[in-house]
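This is input_21.cif (mmCIF, C-alpha atoms).
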data_entry
#
loop_
_atom_site.label_atom_id
_atom_site.label_comp_id
_atom_site.auth_asym_id
_atom_site.auth_seq_id
_atom_site.Cartn_x
_atom_site.Cartn_y
_atom_site.Cartn_z
CA MET F 806 0.00 0.00 0.00
CA ASP F 807 1.43 3.31 -1.09
CA PHE F 808 -0.28 5.77 1.24
CA GLU F 809 1.77 8.68 0.01
CA LEU F 810 0.42 8.21 -3.51
CA MET F 811 -3.11 8.02 -2.15
CA ILE F 812 -2.71 11.31 -0.29
CA ASN F 813 -0.96 13.00 -3.21
CA SER F 814 -3.50 11.93 -5.79
CA PHE F 815 -6.48 12.93 -3.65
CA PRO F 816 -6.49 16.67 -4.56
CA LYS F 817 -6.06 15.88 -8.26
CA LEU F 818 -8.94 13.43 -8.15
CA LEU F 819 -11.06 15.85 -6.17
CA ASN F 820 -10.50 18.49 -8.85
CA ALA F 821 -11.57 16.01 -11.50
CA THR F 822 -14.69 15.26 -9.45
CA LEU F 823 -15.87 18.78 -10.29
CA VAL F 824 -15.88 17.84 -13.98
CA THR F 825 -17.86 14.69 -13.16
CA ILE F 826 -20.41 16.67 -11.15
CA LYS F 827 -20.74 19.30 -13.88
CA LEU F 828 -21.31 16.63 -16.52
CA LEU F 829 -23.80 14.86 -14.28
CA SER F 830 -25.86 17.91 -13.37
CA ALA F 831 -25.97 19.26 -16.94
CA SER F 832 -27.07 15.89 -18.35
CA LEU F 833 -29.66 15.40 -15.61
CA ILE F 834 -31.24 18.80 -16.26
CA PHE F 835 -31.39 18.31 -20.04
CA GLY F 836 -32.32 14.65 -19.58
CA LEU F 837 -35.24 15.45 -17.29
CA PHE F 838 -36.58 17.90 -19.86
CA ILE F 839 -36.18 15.39 -22.72
CA GLY F 840 -37.66 12.64 -20.55
CA LEU F 841 -40.71 14.70 -19.64
CA CYS F 842 -41.34 15.61 -23.30
CA PHE F 843 -41.09 11.99 -24.42
CA ALA F 844 -43.17 10.71 -21.50
CA ILE F 845 -45.96 13.05 -22.57
CA LEU F 846 -45.57 11.77 -26.16
CA ARG F 847 -45.69 8.20 -24.88
CA VAL F 848 -49.09 8.66 -23.21
CA ASN F 849 -50.38 10.40 -26.34
CA LYS F 850 -53.18 8.49 -28.07
CA ASN F 851 -51.91 9.07 -31.59
CA PRO F 852 -50.15 5.80 -32.56
CA ILE F 853 -47.49 7.50 -34.72
CA VAL F 854 -46.43 9.90 -31.96
CA ASN F 855 -46.60 7.04 -29.51
CA LYS F 856 -44.45 4.70 -31.63
CA PHE F 857 -41.91 7.42 -32.29
CA ALA F 858 -41.40 8.03 -28.56
CA TYR F 859 -41.22 4.28 -27.94
CA GLY F 860 -38.64 3.87 -30.71
CA TYR F 861 -36.49 6.61 -29.21
CA SER F 862 -36.42 5.04 -25.78
CA TYR F 863 -35.94 1.54 -27.24
CA VAL F 864 -32.90 2.52 -29.28
CA PHE F 865 -31.23 4.47 -26.50
CA ARG F 866 -31.90 1.81 -23.89
CA GLY F 867 -30.89 -1.05 -26.14
CA THR F 868 -27.45 0.22 -27.13
CA PRO F 869 -24.43 0.86 -24.92
CA LEU F 870 -23.76 4.45 -23.86
CA LEU F 871 -20.25 4.12 -25.30
CA VAL F 872 -21.64 3.61 -28.82
CA GLN F 873 -23.86 6.65 -28.40
CA ILE F 874 -20.97 8.87 -27.36
CA PHE F 875 -18.78 7.61 -30.20
CA ILE F 876 -21.48 8.20 -32.80
CA ILE F 877 -21.97 11.75 -31.60
CA TYR F 878 -18.31 12.61 -31.05
CA PHE F 879 -16.58 10.77 -33.90
CA GLY F 880 -19.51 10.13 -36.23
CA LEU F 881 -21.32 13.45 -36.53
CA GLY F 882 -18.12 15.31 -37.40
CA GLN F 883 -18.03 13.32 -40.60
CA ILE F 884 -21.12 14.99 -42.02
CA GLU F 885 -19.81 17.88 -44.11
CA TYR F 886 -23.04 19.80 -43.87
CA LEU F 887 -22.95 19.85 -40.06
CA ARG F 888 -19.49 21.34 -40.09
CA SER F 889 -20.74 24.44 -41.86
CA THR F 890 -23.62 25.12 -39.45
CA VAL F 891 -23.63 26.84 -36.08
CA LEU F 892 -24.10 23.45 -34.44
CA TRP F 893 -20.46 22.67 -35.15
CA VAL F 894 -19.38 25.12 -32.47
CA ILE F 895 -21.01 22.77 -29.96
CA LEU F 896 -20.28 19.45 -31.66
CA LYS F 897 -16.55 19.94 -31.95
CA GLU F 898 -16.21 20.16 -28.18
CA PRO F 899 -15.91 16.73 -26.50
CA TYR F 900 -17.48 18.26 -23.39
CA TRP F 901 -20.71 19.12 -25.18
CA CYS F 902 -20.74 15.87 -27.15
CA ALA F 903 -20.58 13.97 -23.87
CA ILE F 904 -23.39 16.06 -22.39
CA ILE F 905 -25.56 15.53 -25.50
CA ALA F 906 -25.00 11.77 -25.40
CA PHE F 907 -25.65 11.54 -21.65
CA SER F 908 -28.77 13.72 -21.86
CA LEU F 909 -30.27 11.69 -24.70
CA ASN F 910 -29.45 8.47 -22.84
CA THR F 911 -30.82 9.49 -19.46
CA GLY F 912 -33.76 11.15 -21.23
CA ALA F 913 -34.76 7.76 -22.65
CA TYR F 914 -34.68 6.09 -19.22
CA THR F 915 -36.40 9.05 -17.56
CA SER F 916 -39.22 9.00 -20.10
CA GLU F 917 -39.89 5.35 -19.23
CA ILE F 918 -39.86 6.10 -15.51
CA LEU F 919 -42.24 9.04 -15.87
CA ARG F 920 -44.51 7.16 -18.27
CA SER F 921 -45.02 4.31 -15.83
CA ALA F 922 -45.61 6.87 -13.07
CA PHE F 923 -48.29 8.62 -15.14
CA GLN F 924 -49.94 5.31 -15.91
CA THR F 925 -50.11 4.18 -12.29
CA ILE F 926 -52.13 7.23 -11.23
CA LYS F 927 -55.55 5.91 -10.33
CA PRO F 928 -58.27 7.17 -12.72
CA GLY F 929 -60.41 7.87 -9.64
CA ILE F 930 -58.10 10.71 -8.65
CA ILE F 931 -58.50 12.42 -12.02
CA GLU F 932 -62.25 11.78 -11.99
CA ALA F 933 -62.47 13.27 -8.52
CA GLY F 934 -60.77 16.39 -9.83
CA GLN F 935 -63.11 16.56 -12.79
CA SER F 936 -66.22 16.14 -10.65
CA LEU F 937 -65.01 19.02 -8.50
CA GLY F 938 -65.03 21.12 -11.66
CA ILE F 939 -61.27 21.61 -11.88
CA SER F 940 -60.04 22.33 -15.40
CA ASN F 941 -58.00 19.66 -17.19
CA LYS F 942 -54.92 21.87 -17.28
CA ILE F 943 -54.93 22.35 -13.52
CA ILE F 944 -55.62 18.64 -12.98
CA PHE F 945 -52.50 17.91 -15.04
CA TYR F 946 -50.22 20.42 -13.32
CA LYS F 947 -51.54 20.29 -9.76
CA ILE F 948 -52.66 16.67 -9.46
CA GLN F 949 -51.06 14.41 -12.04
CA ILE F 950 -47.54 15.88 -12.10
CA PRO F 951 -47.02 16.00 -8.31
CA ILE F 952 -48.26 12.42 -7.92
CA ALA F 953 -46.13 11.24 -10.84
CA ILE F 954 -43.04 12.89 -9.37
CA ARG F 955 -43.62 11.21 -6.02
CA GLN F 956 -44.21 7.85 -7.71
CA SER F 957 -41.09 8.05 -9.81
CA LEU F 958 -38.69 9.26 -7.11
CA PRO F 959 -37.20 5.86 -6.13
CA ALA F 960 -36.67 4.79 -9.75
CA TYR F 961 -35.34 8.21 -10.68
CA GLY F 962 -32.89 8.06 -7.79
CA ASN F 963 -31.50 4.84 -9.27
CA GLU F 964 -31.29 6.50 -12.65
CA ILE F 965 -29.28 9.41 -11.18
CA ILE F 966 -26.79 6.93 -9.71
CA LEU F 967 -26.58 5.01 -13.00
CA MET F 968 -25.99 8.28 -14.85
CA MET F 969 -23.30 9.27 -12.35
CA LYS F 970 -21.53 6.03 -13.21
CA GLY F 971 -22.18 6.70 -16.89
CA THR F 972 -20.31 10.00 -16.79
CA SER F 973 -17.12 7.95 -16.40
CA LEU F 974 -17.37 7.25 -20.14
CA ALA F 975 -16.54 10.89 -20.79
CA SER F 976 -12.93 9.83 -20.24
CA THR F 977 -13.08 7.88 -23.52
CA VAL F 978 -13.54 11.12 -25.47
CA THR F 979 -10.48 12.80 -23.92
CA LEU F 980 -12.30 14.52 -21.04
CA MET F 981 -10.43 14.47 -17.75
CA ASP F 982 -13.20 13.54 -15.36
CA LEU F 983 -12.71 11.50 -12.19
CA THR F 984 -12.23 8.22 -14.09
CA GLY F 985 -10.04 9.91 -16.71
CA VAL F 986 -7.66 11.32 -14.12
CA ALA F 987 -7.69 8.05 -12.18
CA LYS F 988 -6.73 6.16 -15.33
CA TYR F 989 -3.97 8.69 -16.03
CA ILE F 990 -2.53 8.28 -12.53
CA ILE F 991 -2.78 4.48 -12.75
CA SER F 992 -1.02 4.36 -16.11
CA THR F 993 1.84 6.58 -14.91
CA THR F 994 2.37 5.01 -11.47
CA PHE F 995 1.15 1.41 -12.07
CA LYS F 996 -0.52 1.39 -8.67
CA PRO F 997 -4.11 0.51 -9.63
CA ILE F 998 -5.35 -0.58 -6.22
CA GLU F 999 -4.40 2.62 -4.38
CA VAL F 1000 -5.93 4.88 -7.03
CA PHE F 1001 -9.01 2.67 -7.25
CA ILE F 1002 -9.58 3.00 -3.51
CA VAL F 1003 -9.39 6.81 -3.59
CA ALA F 1004 -11.39 7.33 -6.82
CA GLY F 1005 -13.88 4.61 -5.90
CA GLY F 1006 -14.26 6.19 -2.47
CA ILE F 1007 -15.15 9.53 -4.02
CA TYR F 1008 -17.70 7.87 -6.31
CA LEU F 1009 -19.20 5.99 -3.38
CA PHE F 1010 -19.43 9.21 -1.40
CA ILE F 1011 -21.37 10.88 -4.24
CA THR F 1012 -23.64 7.81 -4.50
CA PHE F 1013 -24.20 7.97 -0.75
CA ILE F 1014 -25.22 11.65 -0.92
CA ILE F 1015 -27.58 11.12 -3.88
CA HIS F 1016 -29.12 8.11 -2.14
CA ASN F 1017 -29.81 10.07 1.04
CA VAL F 1018 -31.17 13.15 -0.73
CA ILE F 1019 -33.63 10.94 -2.62
CA LYS F 1020 -34.60 9.17 0.60
CA PHE F 1021 -35.21 12.54 2.26
CA LEU F 1022 -37.36 13.72 -0.66
CA GLU F 1023 -39.31 10.46 -0.62
CA LYS F 1024 -40.11 10.96 3.04
CA LYS F 1025 -40.98 14.59 2.53
CA TYR F 1026 -43.41 13.88 -0.30
CA SER F 1027 -44.91 10.67 1.02
CA TYR F 1028 -48.60 10.60 1.63
CA MET X 904 -22.65 -1.80 -48.26
CA GLU X 905 -19.34 -2.68 -49.85
CA LEU X 906 -17.74 -1.97 -46.50
CA LEU X 907 -19.68 -4.85 -44.97
CA SER X 908 -18.78 -7.47 -47.55
CA PHE X 909 -16.90 -10.58 -46.46
CA GLY X 910 -13.32 -11.26 -47.43
CA LYS X 911 -10.34 -8.98 -47.71
CA THR X 912 -12.07 -5.83 -48.91
CA GLY X 913 -14.94 -5.67 -46.44
CA TRP X 914 -15.42 -5.72 -42.70
CA GLY X 915 -18.34 -8.15 -42.65
CA ASP X 916 -16.45 -11.22 -41.46
CA GLU X 917 -14.44 -9.24 -38.89
CA LEU X 918 -17.62 -7.76 -37.45
CA LEU X 919 -19.30 -11.15 -37.36
CA ILE X 920 -16.39 -12.61 -35.39
CA ALA X 921 -16.46 -9.54 -33.13
CA THR X 922 -20.17 -10.10 -32.49
CA MET X 923 -19.43 -13.70 -31.51
CA MET X 924 -16.77 -12.37 -29.15
CA THR X 925 -19.26 -9.98 -27.54
CA ILE X 926 -21.69 -12.86 -27.03
CA ALA X 927 -18.94 -15.10 -25.64
CA VAL X 928 -17.74 -12.44 -23.18
CA SER X 929 -21.29 -11.67 -22.08
CA ILE X 930 -22.13 -15.30 -21.42
CA THR X 931 -18.84 -15.95 -19.60
CA ALA X 932 -19.32 -12.80 -17.52
CA MET X 933 -22.90 -13.79 -16.71
CA ILE X 934 -21.75 -17.24 -15.53
CA ILE X 935 -18.96 -15.73 -13.43
CA GLY X 936 -21.59 -13.35 -12.06
CA PHE X 937 -23.79 -16.29 -11.08
CA LEU X 938 -20.87 -17.87 -9.24
CA PHE X 939 -20.34 -14.63 -7.32
CA ALA X 940 -24.06 -14.41 -6.62
CA LEU X 941 -23.99 -17.99 -5.35
CA ILE X 942 -21.38 -16.93 -2.78
CA PHE X 943 -22.76 -13.54 -1.82
CA THR X 944 -26.52 -14.15 -1.77
CA PRO X 945 -26.29 -16.49 1.26
CA LEU X 946 -24.02 -13.91 2.94
CA LYS X 947 -26.59 -11.17 2.43
CA LEU X 948 -29.38 -13.40 3.75
CA SER X 949 -27.41 -14.77 6.68
CA LYS X 950 -28.29 -13.90 10.24
CA SER X 951 -24.73 -13.07 11.17
CA LYS X 952 -24.12 -9.32 11.10
CA PHE X 953 -20.51 -9.78 10.01
CA LEU X 954 -21.36 -11.94 6.98
CA ASN X 955 -24.12 -9.49 6.13
CA LEU X 956 -21.60 -6.69 6.14
CA ILE X 957 -19.32 -8.51 3.69
CA GLY X 958 -22.22 -9.16 1.34
CA ASN X 959 -23.44 -5.59 1.53
CA CYS X 960 -19.94 -4.21 0.95
CA TYR X 961 -19.63 -6.18 -2.26
CA THR X 962 -22.94 -5.08 -3.76
CA THR X 963 -22.68 -1.48 -2.57
CA VAL X 964 -19.14 -0.89 -3.79
CA ILE X 965 -19.63 -2.53 -7.17
CA ARG X 966 -22.96 -0.86 -7.82
CA GLY X 967 -21.69 2.54 -6.67
CA VAL X 968 -18.47 2.67 -8.66
CA PRO X 969 -18.37 3.15 -12.46
CA GLU X 970 -17.86 -0.02 -14.50
CA LEU X 971 -15.01 1.60 -16.38
CA LEU X 972 -13.06 2.14 -13.15
CA VAL X 973 -13.48 -1.53 -12.21
CA ILE X 974 -12.26 -2.54 -15.67
CA TYR X 975 -9.18 -0.31 -15.33
CA LEU X 976 -8.49 -1.89 -11.93
CA PHE X 977 -8.51 -5.35 -13.49
CA PHE X 978 -6.70 -4.31 -16.64
CA PHE X 979 -3.82 -2.63 -14.85
CA GLY X 980 -3.88 -4.68 -11.65
CA GLY X 981 -4.90 -8.12 -12.90
CA SER X 982 -1.55 -9.50 -13.98
CA GLY X 983 0.17 -7.90 -10.98
CA ALA X 984 -2.18 -9.67 -8.59
CA VAL X 985 -1.79 -13.03 -10.33
CA MET X 986 2.00 -12.64 -10.35
CA TYR X 987 1.92 -11.84 -6.65
CA VAL X 988 -0.04 -15.01 -5.89
CA ALA X 989 2.25 -17.02 -8.20
CA SER X 990 5.33 -15.65 -6.45
CA ILE X 991 4.06 -17.10 -3.18
CA PHE X 992 4.19 -20.49 -4.85
CA GLY X 993 7.68 -19.75 -6.10
CA TYR X 994 6.87 -18.83 -9.71
CA ASN X 995 8.60 -15.58 -10.62
CA GLU X 996 8.25 -15.32 -14.41
CA TYR X 997 6.18 -12.59 -16.00
CA ILE X 998 2.58 -13.62 -16.45
CA GLU X 999 0.35 -11.83 -18.90
CA ILE X 1000 -3.33 -12.44 -18.58
CA ASN X 1001 -5.46 -12.77 -21.65
CA ALA X 1002 -7.75 -9.77 -22.31
CA PHE X 1003 -10.72 -12.12 -22.58
CA ILE X 1004 -10.21 -13.45 -19.06
CA THR X 1005 -9.58 -10.01 -17.53
CA GLY X 1006 -12.61 -8.58 -19.28
CA SER X 1007 -14.95 -11.43 -18.41
CA PHE X 1008 -13.84 -11.29 -14.79
CA ALA X 1009 -14.30 -7.53 -14.51
CA ILE X 1010 -17.74 -7.61 -16.12
CA GLY X 1011 -18.57 -10.81 -14.23
CA ILE X 1012 -17.93 -9.19 -10.87
CA ILE X 1013 -20.16 -6.27 -11.84
CA SER X 1014 -22.88 -8.54 -13.15
CA GLY X 1015 -22.56 -10.66 -10.00
CA ALA X 1016 -23.44 -7.72 -7.78
CA TYR X 1017 -26.66 -7.17 -9.72
CA SER X 1018 -27.46 -10.90 -9.77
CA THR X 1019 -26.91 -11.07 -6.01
CA GLU X 1020 -29.53 -8.38 -5.47
CA VAL X 1021 -31.94 -10.14 -7.81
CA PHE X 1022 -31.55 -13.53 -6.09
CA ARG X 1023 -31.84 -11.98 -2.64
CA GLY X 1024 -35.05 -10.23 -3.64
CA ALA X 1025 -36.42 -13.42 -5.21
CA ILE X 1026 -35.68 -15.59 -2.19
CA GLN X 1027 -37.13 -13.03 0.17
CA SER X 1028 -40.36 -12.87 -1.78
CA ILE X 1029 -40.91 -16.63 -1.58
CA ASP X 1030 -43.72 -17.36 0.84
CA LYS X 1031 -42.37 -18.15 4.34
CA GLY X 1032 -44.71 -21.14 4.51
CA GLN X 1033 -42.64 -22.87 1.82
CA PHE X 1034 -39.55 -22.81 4.03
CA GLU X 1035 -41.52 -23.99 7.06
CA ALA X 1036 -43.33 -26.68 5.11
CA SER X 1037 -40.13 -28.22 3.79
CA LYS X 1038 -38.68 -28.11 7.30
CA VAL X 1039 -41.75 -29.80 8.76
CA LEU X 1040 -41.55 -32.49 6.08
CA GLY X 1041 -37.99 -33.11 7.20
CA LEU X 1042 -36.46 -32.55 3.75
CA LYS X 1043 -32.69 -32.63 3.64
CA LYS X 1044 -30.97 -29.30 2.98
CA PRO X 1045 -29.93 -29.96 -0.65
CA VAL X 1046 -33.39 -31.28 -1.51
CA HIS X 1047 -34.95 -28.31 0.25
CA PHE X 1048 -32.83 -25.87 -1.75
CA PHE X 1049 -32.81 -27.49 -5.19
CA LYS X 1050 -36.34 -28.89 -5.28
CA VAL X 1051 -38.32 -26.36 -3.25
CA ILE X 1052 -36.61 -22.99 -3.15
CA MET X 1053 -34.68 -22.89 -6.42
CA PRO X 1054 -37.58 -23.52 -8.85
CA GLN X 1055 -39.67 -20.86 -7.17
CA MET X 1056 -36.75 -18.47 -6.95
CA LEU X 1057 -35.94 -18.84 -10.66
CA ARG X 1058 -39.49 -18.02 -11.66
CA LEU X 1059 -39.38 -14.82 -9.64
CA ALA X 1060 -35.84 -13.96 -10.71
CA ILE X 1061 -36.05 -14.40 -14.48
CA PRO X 1062 -37.63 -11.02 -15.35
CA ASN X 1063 -34.99 -9.19 -13.30
CA LEU X 1064 -32.19 -11.44 -14.54
CA SER X 1065 -33.09 -10.41 -18.05
CA ASN X 1066 -32.33 -6.84 -16.99
CA VAL X 1067 -28.99 -7.99 -15.59
CA TRP X 1068 -28.26 -9.74 -18.88
CA GLN X 1069 -28.99 -6.53 -20.80
CA ILE X 1070 -26.72 -4.52 -18.50
CA THR X 1071 -23.98 -7.15 -18.85
CA LEU X 1072 -24.29 -7.23 -22.63
CA LYS X 1073 -24.02 -3.45 -22.84
CA ASP X 1074 -21.16 -3.34 -20.32
CA THR X 1075 -19.04 -5.60 -22.52
CA SER X 1076 -18.64 -2.63 -24.89
CA LEU X 1077 -16.43 -1.10 -22.18
CA ILE X 1078 -13.89 -3.93 -22.43
CA SER X 1079 -12.89 -2.47 -25.77
CA VAL X 1080 -10.61 -0.11 -23.80
CA THR X 1081 -8.47 -3.13 -22.88
CA GLY X 1082 -7.98 -4.07 -26.53
CA LEU X 1083 -10.20 -7.16 -26.68
CA VAL X 1084 -11.61 -7.24 -30.20
CA GLU X 1085 -15.37 -7.27 -29.68
CA ILE X 1086 -18.00 -5.22 -31.55
CA MET X 1087 -16.89 -1.86 -30.22
CA ARG X 1088 -13.16 -2.45 -30.71
CA GLN X 1089 -13.66 -3.83 -34.21
CA SER X 1090 -15.79 -0.82 -35.14
CA TYR X 1091 -13.07 1.44 -33.76
CA ILE X 1092 -10.45 -0.30 -35.92
CA ALA X 1093 -12.70 -0.25 -38.98
CA ALA X 1094 -13.63 3.38 -38.42
CA GLY X 1095 -9.98 4.29 -38.09
CA SER X 1096 -8.84 2.62 -41.28
CA THR X 1097 -11.77 3.61 -43.48
CA ARG X 1098 -12.32 7.06 -41.92
CA ASP X 1099 -16.00 6.31 -41.79
CA PRO X 1100 -16.82 6.37 -38.06
CA LEU X 1101 -20.45 7.37 -38.50
CA PHE X 1102 -21.23 4.25 -40.53
CA PHE X 1103 -19.34 1.79 -38.36
CA TYR X 1104 -20.50 3.08 -34.99
CA SER X 1105 -24.08 3.21 -36.24
CA PHE X 1106 -23.67 -0.35 -37.45
CA ALA X 1107 -22.31 -1.31 -34.03
CA ALA X 1108 -25.41 0.25 -32.48
CA VAL X 1109 -27.59 -1.84 -34.81
CA LEU X 1110 -25.69 -5.00 -33.82
CA TYR X 1111 -26.23 -4.27 -30.13
CA LEU X 1112 -29.91 -3.56 -30.73
CA LEU X 1113 -30.21 -6.85 -32.57
CA LEU X 1114 -28.52 -8.70 -29.71
CA THR X 1115 -30.75 -7.13 -27.06
CA TYR X 1116 -33.84 -7.73 -29.18
CA LEU X 1117 -33.06 -11.39 -29.82
CA SER X 1118 -32.14 -12.08 -26.21
CA MET X 1119 -35.39 -10.49 -25.03
CA LYS X 1120 -37.32 -12.86 -27.30
CA LEU X 1121 -35.44 -15.84 -25.90
CA ILE X 1122 -35.89 -14.77 -22.29
CA ASN X 1123 -39.61 -14.25 -22.80
CA LYS X 1124 -39.85 -17.90 -23.84
CA LEU X 1125 -37.96 -18.96 -20.72
CA GLU X 1126 -40.26 -16.84 -18.62
CA ILE X 1127 -43.32 -18.56 -20.02
CA ARG X 1128 -41.72 -21.97 -19.44
CA TYR X 1129 -40.92 -21.26 -15.81
CA SER X 1130 -44.28 -19.80 -14.95
CA ARG X 1131 -46.18 -22.92 -15.97
CA GLY X 1132 -48.79 -23.59 -13.36
CA PHE X 1133 -49.00 -20.04 -12.07
#

Take the structure in the file and give it back as structure tokens.
Amino acid sequence: MDFELMINSFPKLLNATLVTIKLLSASLIFGLFIGLCFAILRVNKNPIVNKFAYGYSYVFRGTPLLVQIFIIYFGLGQIEYLRSTVLWVILKEPYWCAIIAFSLNTGAYTSEILRSAFQTIKPGIIEAGQSLGISNKIIFYKIQIPIAIRQSLPAYGNEIILMMKGTSLASTVTLMDLTGVAKYIISTTFKPIEVFIVAGGIYLFITFIIHNVIKFLEKKYSY
Amino acid sequence: MELLSFGKTGWGDELLIATMMTIAVSITAMIIGFLFALIFTPLKLSKSKFLNLIGNCYTTVIRGVPELLVIYLFFFGGSGAVMYVASIFGYNEYIEINAFITGSFAIGIISGAYSTEVFRGAIQSIDKGQFEASKVLGLKKPVHFFKVIMPQMLRLAIPNLSNVWQITLKDTSLISVTGLVEIMRQSYIAAGSTRDPLFFYSFAAVLYLLLTYLSMKLINKLEIRYSRGF
């Protein structure tokens, strides 16, 4: 055990954790938005809209995240037309490519979580709202959405943790996140166990915090 | 399409072999995962607090740390660890471990943590009366486990195990960082030499989709088979 290496690498890894957290929070925010949009499309009665949303979530859940990042980072740059548009400013940055891939990926999972939450709301609750003369819009925003959020909290908490682990793939497109820096230190010092303990410890700490925040929210919004 | 032809000019045969490799690694990893689950599920269900702690440590650490980090640990630390063990037995030559074995082990340990949780959940949701009944009947322990608990456990576990299988299958793409030539690595090589990454990575995505689709079909059949009588 090389304790000196562990202590020396800790600040470097902690710095890299900031990149991980930035990637995670950006993808979660975009992903939640995408997920909500597609969940609403999924409960739509029009079969074409419905199938489209299902296809999106099927493709993104059925392929590895690594393929998705590579297609966006290496693949899209190949399209000449894209290079001439404004989008290229974003797509040439590995940072944004990673965020796009993560957001689309977590968006697919989130849409499934929210869809099942919407579908488990008892029709009686909506009917009760209607019989009280509440407008459909208010029923949706004040009754359906709060219940759906409460219902989906445990599953969404898992998704946040899975996404946190997913951000480690950013290191494959040259980003120096926690895993990227850990790999760099391992490959220069050849002390994998020590670095794994420190980096893994930081990841576990983040997992622990997310887990407890979700637990707290679950308790707060339980009925 | 020319790019996918078989023979020297196309990448069809290489990608086919790579797909086989992905399937082989996934199955090996899944089996290694089952072996780990076989060890750790009893620990998690045991009454001893200490054994419980060991079981919980395994599943918590593996499920809380990114797969890629675990793979790097095995990739960089695997041969060192084996050489250390070998040196105890007096063997001091350099040992290089095959990428297939390292990869399957790394993914297997990850998959094992998920399988452990699935088996634990399945056993816990078996009706308590079943345990008591087999005790009252005086069944021997192996008979009790293999003839009473296991069939019921499998029925409850199959839907969740299919999720574990999907996760394992997708995780194998990460072994490409160690140089094992599976779908992802082969696409990387092909994309590099033809300068057509969009095509090859999209094709890789299609291959993965095909694999997940076909395995879902197969698992659905299993599910029907094991829920006969329910």

Could you write out as an NGL selection string the residues that the PyMOL selection byres ((chain X) within 8 of (chain F)) matches in the shown file?
:X and (964 or 967-973 or 975-976 or 979-980 or 1069 or 1073-1074 or 1076-1077 or 1087 or 1099-1102 or 1104-1105 or 1107-1109 or 1111-1112 or 1115-1116)

Considering all atoms listed in the file, return as a PyMOL selection string whatever protein or nucleic-acid residues lie within 10 Å of Leu1064 (chain X), sequence-local ones (same chain, fewer than 2 positions apart) excluded.
chain X and resi 933+1014+1017-1018+1020-1022+1057+1059-1062+1066-1070+1122

Those same residues, written as a short mmCIF file (atom, residue, chain, number, x, y, z; two decimals), keeping the file's coordinate frame with C-alpha atoms?
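Saved file part-v4.cif follows:
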data_model
loop_
_atom_site.label_atom_id
_atom_site.label_comp_id
_atom_site.auth_asym_id
_atom_site.auth_seq_id
_atom_site.Cartn_x
_atom_site.Cartn_y
_atom_site.Cartn_z
CA MET X 933 -22.90 -13.79 -16.71
CA SER X 1014 -22.88 -8.54 -13.15
CA TYR X 1017 -26.66 -7.17 -9.72
CA SER X 1018 -27.46 -10.90 -9.77
CA GLU X 1020 -29.53 -8.38 -5.47
CA VAL X 1021 -31.94 -10.14 -7.81
CA PHE X 1022 -31.55 -13.53 -6.09
CA LEU X 1057 -35.94 -18.84 -10.66
CA LEU X 1059 -39.38 -14.82 -9.64
CA ALA X 1060 -35.84 -13.96 -10.71
CA ILE X 1061 -36.05 -14.40 -14.48
CA PRO X 1062 -37.63 -11.02 -15.35
CA ASN X 1066 -32.33 -6.84 -16.99
CA VAL X 1067 -28.99 -7.99 -15.59
CA TRP X 1068 -28.26 -9.74 -18.88
CA GLN X 1069 -28.99 -6.53 -20.80
CA ILE X 1070 -26.72 -4.52 -18.50
CA ILE X 1122 -35.89 -14.77 -22.29
#

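Note that CA of Leu907 (chain X) and CA of Phe1106 (chain X) are 9.6 Å apart.
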
What would the selection look like, as an MDAnalysis selection string, if the PyMOL selection byres ((chain F and resi 924-933) around 9) were run on the coordinates I just shared?
chainID F and resid 848 919:923 934:938 941 944:945 948:949 952:953 956

Atom pair CA of Phe1021 (chain F) + CA of Ala844 (chain F), distance 25.1 Å

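Considering the residues F:Asn849, F:Ser908, F:Ser957, F:Thr822 and counting all atoms listed in the file, Leu837 (chain F) has its shortest atom-to-atom contact with F:Ser908.
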
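Residues in contact with region 937-949 of chain X at 9 Å, where all atoms listed in the file are counted and same-chain residues fewer than 5 positions away are skipped, are listed as Ala932, Leu954, Asn955, Leu956, Ile957, Gly958, Asn959, Tyr961, Thr962, Gly1011, Ile1012, Ser1014, Gly1015, Ala1016, Tyr1017, Ser1018, Thr1019, Glu1020, Phe1022, Arg1023, Ile1026 and Gln1027 of chain X.
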
Might you spell out which residues the PyMOL selection byres ((chain F and resi 904) around 12) would select in the displayed file, as a PyMOL selection string?
chain F and resi 824-836+870+873-874+877-878+895-896+898-903+905-912+968+971-975+978+980

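Picture a line from CA of Ser1037 (chain X) to CA of Ile1052 (chain X); it runs 9.4 Å.
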
Hey, could you pull the box centre and edge lengths for region 964-968 of chain F, axis-aligned, 8 Å padding per side, all listed atoms, to one decimal in Å, as AutoDock Vina command-line options?
--center_x -28.6 --center_y 7.2 --center_z -12.3 --size_x 21.3 --size_y 20.4 --size_z 21.1

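Excluding Ile1078 (chain X) itself and same-chain residues fewer than 2 positions from it, the residues having an atom within 10 Å of it are Thr925, Val928, Glu970, Leu971, Ile974, Tyr975, Phe978, Ala1002, Phe1003, Thr1005, Gly1006, Ser1007, Ala1009, Ile1010, Asp1074, Thr1075, Ser1076, Val1080, Thr1081, Gly1082, Leu1083, Val1084, Glu1085, Met1087 and Arg1088 of chain X, counting all atoms listed in the file.
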
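Once Tyr859 (chain F) and its same-chain neighbours fewer than 2 positions away are set aside, F:Phe843, F:Leu846, F:Arg847, F:Val854, F:Asn855, F:Lys856, F:Phe857, F:Tyr861, F:Ser862, F:Tyr863, F:Val864, F:Glu917 remain within 9 Å of it when counting only C-alpha atoms.
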